[in-house]
>>> print(open('final_14.txt').read())   # compact mmCIF, C-alpha atoms
# COMPACT_ATOMS: atom_id res chain seq x y z
CA MET R 1346 116.62 104.04 158.98
CA TYR R 1347 119.01 103.09 161.75
CA TYR R 1348 117.25 102.79 165.08
CA THR R 1349 119.53 105.27 166.84
CA ASP R 1350 118.56 107.94 164.29
CA PHE R 1351 114.90 106.97 164.45
CA GLU R 1352 114.83 107.23 168.24
CA VAL R 1353 116.10 110.81 168.09
CA GLN R 1354 113.77 111.91 165.30
CA VAL R 1355 110.59 110.24 166.52
CA SER R 1356 110.70 112.12 169.81
CA LYS R 1357 109.74 115.22 167.81
CA ILE R 1358 106.18 113.92 167.33
CA LYS R 1359 105.38 114.41 171.02
CA ASN R 1360 104.11 117.95 170.54
CA LEU R 1361 102.59 117.62 167.08
CA PRO R 1362 98.80 117.86 166.73
CA LEU R 1363 97.23 114.48 166.05
CA PRO R 1364 95.74 114.07 162.55
CA GLY R 1365 92.92 112.00 164.06
CA THR R 1366 89.80 111.34 162.02
CA SER R 1367 91.19 112.73 158.77
CA SER R 1368 94.02 110.19 158.81
CA HIS R 1369 91.74 107.35 159.94
CA TYR R 1370 89.28 107.93 157.10
CA LYS R 1371 92.04 107.63 154.48
CA MET R 1372 92.16 103.91 155.31
CA ALA R 1373 88.44 103.27 155.76
CA PRO R 1374 85.87 102.22 153.14
CA GLN R 1375 83.05 104.70 152.58
CA ILE R 1376 80.53 102.39 154.22
CA ARG R 1377 82.56 102.45 157.45
CA ILE R 1378 83.01 106.23 157.30
CA ASP R 1379 79.25 106.69 156.93
CA GLU R 1380 78.64 104.38 159.90
CA LEU R 1381 81.15 106.19 162.12
CA GLU R 1382 79.67 109.57 161.23
CA LYS R 1383 76.19 108.37 162.19
CA LEU R 1384 77.47 107.01 165.50
CA LYS R 1385 79.29 110.18 166.57
CA SER R 1386 76.39 111.47 168.63
CA LYS R 1387 74.81 108.15 169.66
CA LYS R 1388 77.66 105.69 170.13
CA PRO R 1389 76.55 102.72 172.27
CA ASN R 1390 78.29 102.06 175.58
CA PRO R 1391 81.58 100.66 174.23
CA ARG R 1392 84.09 98.31 175.77
CA LYS R 1393 87.62 99.66 176.17
CA ALA R 1394 90.90 98.38 174.77
CA GLY R 1395 94.52 99.47 174.48
CA VAL R 1396 97.13 98.59 171.83
CA VAL R 1397 100.74 99.57 171.27
CA ALA R 1398 102.72 100.13 168.07
CA LEU R 1399 106.18 98.87 169.01
CA PHE R 1400 109.21 100.13 167.10
CA TYR R 1401 112.52 98.37 167.75
CA PRO R 1402 115.94 97.62 166.22
CA ASP R 1403 116.48 94.40 164.27
CA GLU R 1404 119.76 92.49 164.16
CA LYS R 1405 121.16 95.03 161.70
CA GLN R 1406 120.08 97.91 163.97
CA LEU R 1407 117.43 99.00 161.46
CA THR R 1408 114.02 100.13 162.69
CA ASN R 1409 111.10 97.71 162.55
CA LEU R 1410 107.43 97.78 163.55
CA LEU R 1411 105.84 94.76 165.22
CA LEU R 1412 102.44 93.52 164.07
CA ILE R 1413 100.80 90.21 164.92
CA LEU R 1414 98.60 87.81 162.96
CA ARG R 1415 95.88 86.68 165.32
CA ASN R 1416 94.83 83.04 165.46
CA THR R 1417 91.57 81.80 163.98
CA TYR R 1418 88.85 81.87 166.62
CA PRO R 1419 85.10 82.54 166.88
CA GLY R 1420 85.16 86.32 166.72
CA ILE R 1421 85.14 89.40 164.50
CA HIS R 1422 88.91 89.95 164.48
CA SER R 1423 89.85 86.31 163.88
CA ASN R 1424 92.86 85.73 161.60
CA GLN R 1425 93.52 89.46 161.16
CA VAL R 1426 96.77 91.39 161.40
CA GLY R 1427 96.80 93.86 164.27
CA LEU R 1428 98.86 95.64 166.89
CA PRO R 1429 99.67 93.89 170.17
CA GLY R 1430 97.03 94.71 172.76
CA GLY R 1431 93.54 93.87 173.86
CA LYS R 1432 90.60 94.59 176.08
CA ALA R 1433 90.80 96.31 179.45
CA GLU R 1434 90.48 94.23 182.60
CA LYS R 1435 89.46 95.28 186.10
CA GLY R 1436 93.00 95.20 187.46
CA ASP R 1437 94.38 97.62 184.84
CA LYS R 1438 95.23 101.10 186.10
CA ASP R 1439 94.46 102.69 182.74
CA LEU R 1440 94.48 101.84 179.03
CA LEU R 1441 98.25 102.20 178.79
CA ASP R 1442 98.49 99.54 181.48
CA THR R 1443 96.07 97.46 179.39
CA ALA R 1444 98.16 97.83 176.22
CA LEU R 1445 101.44 96.94 177.94
CA ARG R 1446 99.93 94.02 179.87
CA GLU R 1447 98.46 92.57 176.70
CA ALA R 1448 101.70 93.09 174.76
CA HIS R 1449 103.52 91.19 177.49
CA GLU R 1450 101.00 88.35 177.31
CA GLU R 1451 100.95 88.18 173.51
CA VAL R 1452 104.59 88.72 172.51
CA GLY R 1453 106.60 88.57 175.75
CA VAL R 1454 107.60 92.24 175.93
CA GLU R 1455 108.22 93.42 179.50
CA PRO R 1456 106.24 96.62 180.21
CA GLY R 1457 109.27 98.22 181.84
CA ASP R 1458 111.28 97.78 178.63
CA VAL R 1459 108.85 99.91 176.57
CA LYS R 1460 109.29 103.68 176.35
CA ILE R 1461 105.97 105.27 175.41
CA ILE R 1462 106.37 108.21 173.04
CA ARG R 1463 102.74 109.33 173.07
CA PRO R 1464 99.12 108.20 172.84
CA LEU R 1465 97.32 108.47 169.50
CA SER R 1466 93.70 109.28 168.68
CA GLU R 1467 91.15 106.88 170.08
CA ILE R 1468 89.25 104.91 167.46
CA TYR R 1469 85.86 103.23 167.66
CA ILE R 1470 85.27 99.79 166.09
CA PRO R 1471 81.53 99.32 165.48
CA PRO R 1472 81.43 95.55 164.74
CA SER R 1473 83.00 94.66 168.10
CA ASN R 1474 81.83 97.80 169.96
CA PHE R 1475 85.30 98.71 171.21
CA ASP R 1476 86.89 102.09 171.82
CA VAL R 1477 90.59 101.43 171.24
CA GLN R 1478 93.36 103.66 172.58
CA PRO R 1479 96.63 103.22 170.63
CA TYR R 1480 100.10 104.20 171.83
CA ILE R 1481 103.49 104.50 170.12
CA GLY R 1482 106.26 102.74 172.02
CA LEU R 1483 109.99 102.15 171.63
CA TYR R 1484 111.40 98.75 172.52
CA ASN R 1485 115.06 99.57 173.01
CA LYS R 1486 116.07 96.43 174.87
CA ARG R 1487 115.80 94.02 171.97
CA LYS R 1488 114.98 90.60 173.37
CA PRO R 1489 113.44 87.70 171.45
CA PHE R 1490 109.69 88.03 171.11
CA VAL R 1491 107.74 85.13 172.59
CA LYS R 1492 104.35 84.67 170.96
CA GLU R 1493 101.39 83.40 172.95
CA ILE R 1494 100.42 80.42 170.81
CA LYS R 1495 96.75 80.50 171.81
CA GLU R 1496 96.33 84.06 170.55
CA VAL R 1497 99.13 84.79 168.09
CA ASN R 1498 99.64 82.83 164.87
CA GLU R 1499 102.60 84.81 163.51
CA LEU R 1500 104.83 87.73 164.39
CA VAL R 1501 104.90 90.20 161.50
CA GLU R 1502 108.09 92.26 161.68
CA VAL R 1503 107.82 95.20 159.29
CA PRO R 1504 110.85 97.30 158.25
CA LEU R 1505 110.20 101.00 158.79
CA MET R 1506 111.16 101.71 155.17
CA ASP R 1507 108.35 99.38 154.01
CA PHE R 1508 105.84 100.96 156.37
CA MET R 1509 106.70 104.45 155.09
CA ASP R 1510 106.62 103.40 151.42
CA ASP R 1511 103.43 104.81 149.88
CA SER R 1512 103.39 102.05 147.28
CA ARG R 1513 102.47 99.65 150.12
CA MET R 1514 99.08 101.38 150.39
CA ILE R 1515 96.57 99.53 148.23
CA THR R 1516 92.88 98.89 147.77
CA GLN R 1517 91.54 95.35 147.81
CA ILE R 1518 88.14 93.71 147.44
CA LEU R 1519 87.32 92.07 150.77
CA SER R 1520 84.33 90.60 152.55
CA THR R 1521 84.10 92.01 156.05
CA SER R 1522 81.87 91.55 159.08
CA TYR R 1523 79.67 94.37 157.80
CA ALA R 1524 79.69 94.04 154.00
CA GLU R 1525 80.37 91.58 151.17
CA SER R 1526 82.93 92.22 148.43
CA ILE R 1527 83.70 95.88 149.01
CA GLU R 1528 86.76 97.89 148.05
CA VAL R 1529 88.84 98.43 151.18
CA PRO R 1530 91.95 100.63 151.60
CA ALA R 1531 94.81 98.63 153.14
CA PHE R 1532 98.52 98.33 153.70
CA LYS R 1533 100.38 95.44 152.04
CA LEU R 1534 103.14 94.59 154.52
CA MET R 1535 105.32 91.48 154.53
CA GLY R 1536 102.79 89.73 152.30
CA TYR R 1537 99.85 90.48 154.62
CA THR R 1538 96.87 92.72 153.94
CA VAL R 1539 96.44 95.08 156.90
CA TRP R 1540 93.04 96.76 156.88
CA GLY R 1541 90.26 97.99 159.15
CA ALA R 1542 90.97 99.70 162.45
CA THR R 1543 94.63 98.66 162.41
CA ALA R 1544 95.17 100.33 159.04
CA MET R 1545 93.41 103.44 160.32
CA MET R 1546 95.73 103.62 163.34
CA LEU R 1547 98.79 103.02 161.17
CA SER R 1548 97.66 105.83 158.88
CA GLU R 1549 97.80 108.30 161.76
CA ILE R 1550 101.26 107.06 162.79
CA LYS R 1551 102.51 107.40 159.23
CA GLU R 1552 101.22 110.96 158.93
CA LEU R 1553 103.02 111.92 162.14
CA PHE R 1554 106.24 110.23 161.02
CA LYS R 1555 106.20 112.00 157.67
CA GLN R 1556 106.56 115.28 159.55
CA VAL R 1557 109.75 114.29 161.38
CA LEU R 1558 111.55 111.47 159.54
>>> encode(input="final_14.txt", output="structure tokens")
Amino acid sequence: MYYTDFEVQVSKIKNLPLPGTSSHYKMAPQIRIDELEKLKSKKPNPRKAGVVALFYPDEKQLTNLLLILRNTYPGIHSNQVGLPGGKAEKGDKDLLDTALREAHEEVGVEPGDVKIIRPLSEIYIPPSNFDVQPYIGLYNKRKPFVKEIKEVNELVEVPLMDFMDDSRMITQILSTSYAESIEVPAFKLMGYTVWGATAMMLSEIKELFKQVL
């Protein structure tokens, strides 16, 4: 879809009800769903984070989504594909400020160049004890992305048509931080397996988009 058409259509999601948990659970293994259900009433004091799903025009003016492959490091989310963003810091005004600050640090996007369409449903990540607030943003002023080499291994630029293609939704046997060799729902995008909390967030975005695109 051409970006100019996408920009007009996507604005219609602003007033739609968020699918929330129902869309998240479509991309979660049963073991994670069971854990999240148990934690609903007794969630530990979580850390806070913000991420942003950036949609932008490529050189052909077609709509893309930006994901990042994180570097290998000692941590739960090492070498995983995710959305730009990260943990809140004391100087952040709110979690939107967090998401935009982190996106600037990780991929060089100026906060003032991002038009936020809306926040999505917050999602809790038990292994790292984070509550993550995602946002959908438009990056109209296409400038070259600049990856932060200490944090970002690769930029994963996903055509909208691939993201919306249901055949890109798969199941794969993975070993995670909480279980060995389990069947995990995932997206297969640009050769990468996108699973876990990122896949759950993308599932909600996709459900919203299906209503307007």
>>> residues_around(input="final_14.txt", residues="R:Asn1409", least_positions_apart="6", cutoff="12 Å", atoms="all atoms listed in the file", output="ChimeraX atom specification")
/R:1346-1348,1351-1352,1398-1403,1482-1485,1487,1500-1509,1534-1535
>>> closest_residue(input="final_14.txt", among="R:Ile1461, R:Leu1381, R:Leu1412, R:Val1355", to="R:Lys1551", atoms="only C-alpha atoms")
R:Val1355
>>> atom_distance(input="final_14.txt", atom1="atom CA of R:Ala1544", atom2="atom CA of R:Val1426")
9.4 Å
>>> closest_residue(input="final_14.txt", among="R:Gln1406, R:Ser1356, R:Thr1516, R:Ser1367", to="R:Trp1540", atoms="only C-alpha atoms")
R:Thr1516
>>> atom_distance(input="final_14.txt", atom1="atom CA of R:Lys1438", atom2="atom CA of R:Ile1462")
18.6 Å
>>> closest_residue(input="final_14.txt", among="R:Phe1532, R:Ser1526, R:Asp1511, R:Gln1478", to="R:Lys1555", atoms="all atoms listed in the file")
R:Asp1511
>>> atom_distance(input="final_14.txt", atom1="atom CA of R:Lys1492", atom2="atom CA of R:Val1396")
15.7 Å
>>> residues_around(input="final_14.txt", residues="R:Glu1493", least_positions_apart="5", cutoff="9 Å", atoms="only C-alpha atoms", output="tab-separated table (two decimals) with C-alpha atoms, keeping the file's coordinate frame")
chain	number	residue	atom	x	y	z
R	1450	GLU	CA	101.00	88.35	177.31
R	1451	GLU	CA	100.95	88.18	173.51
R	1452	VAL	CA	104.59	88.72	172.51
R	1453	GLY	CA	106.60	88.57	175.75
R	1498	ASN	CA	99.64	82.83	164.87
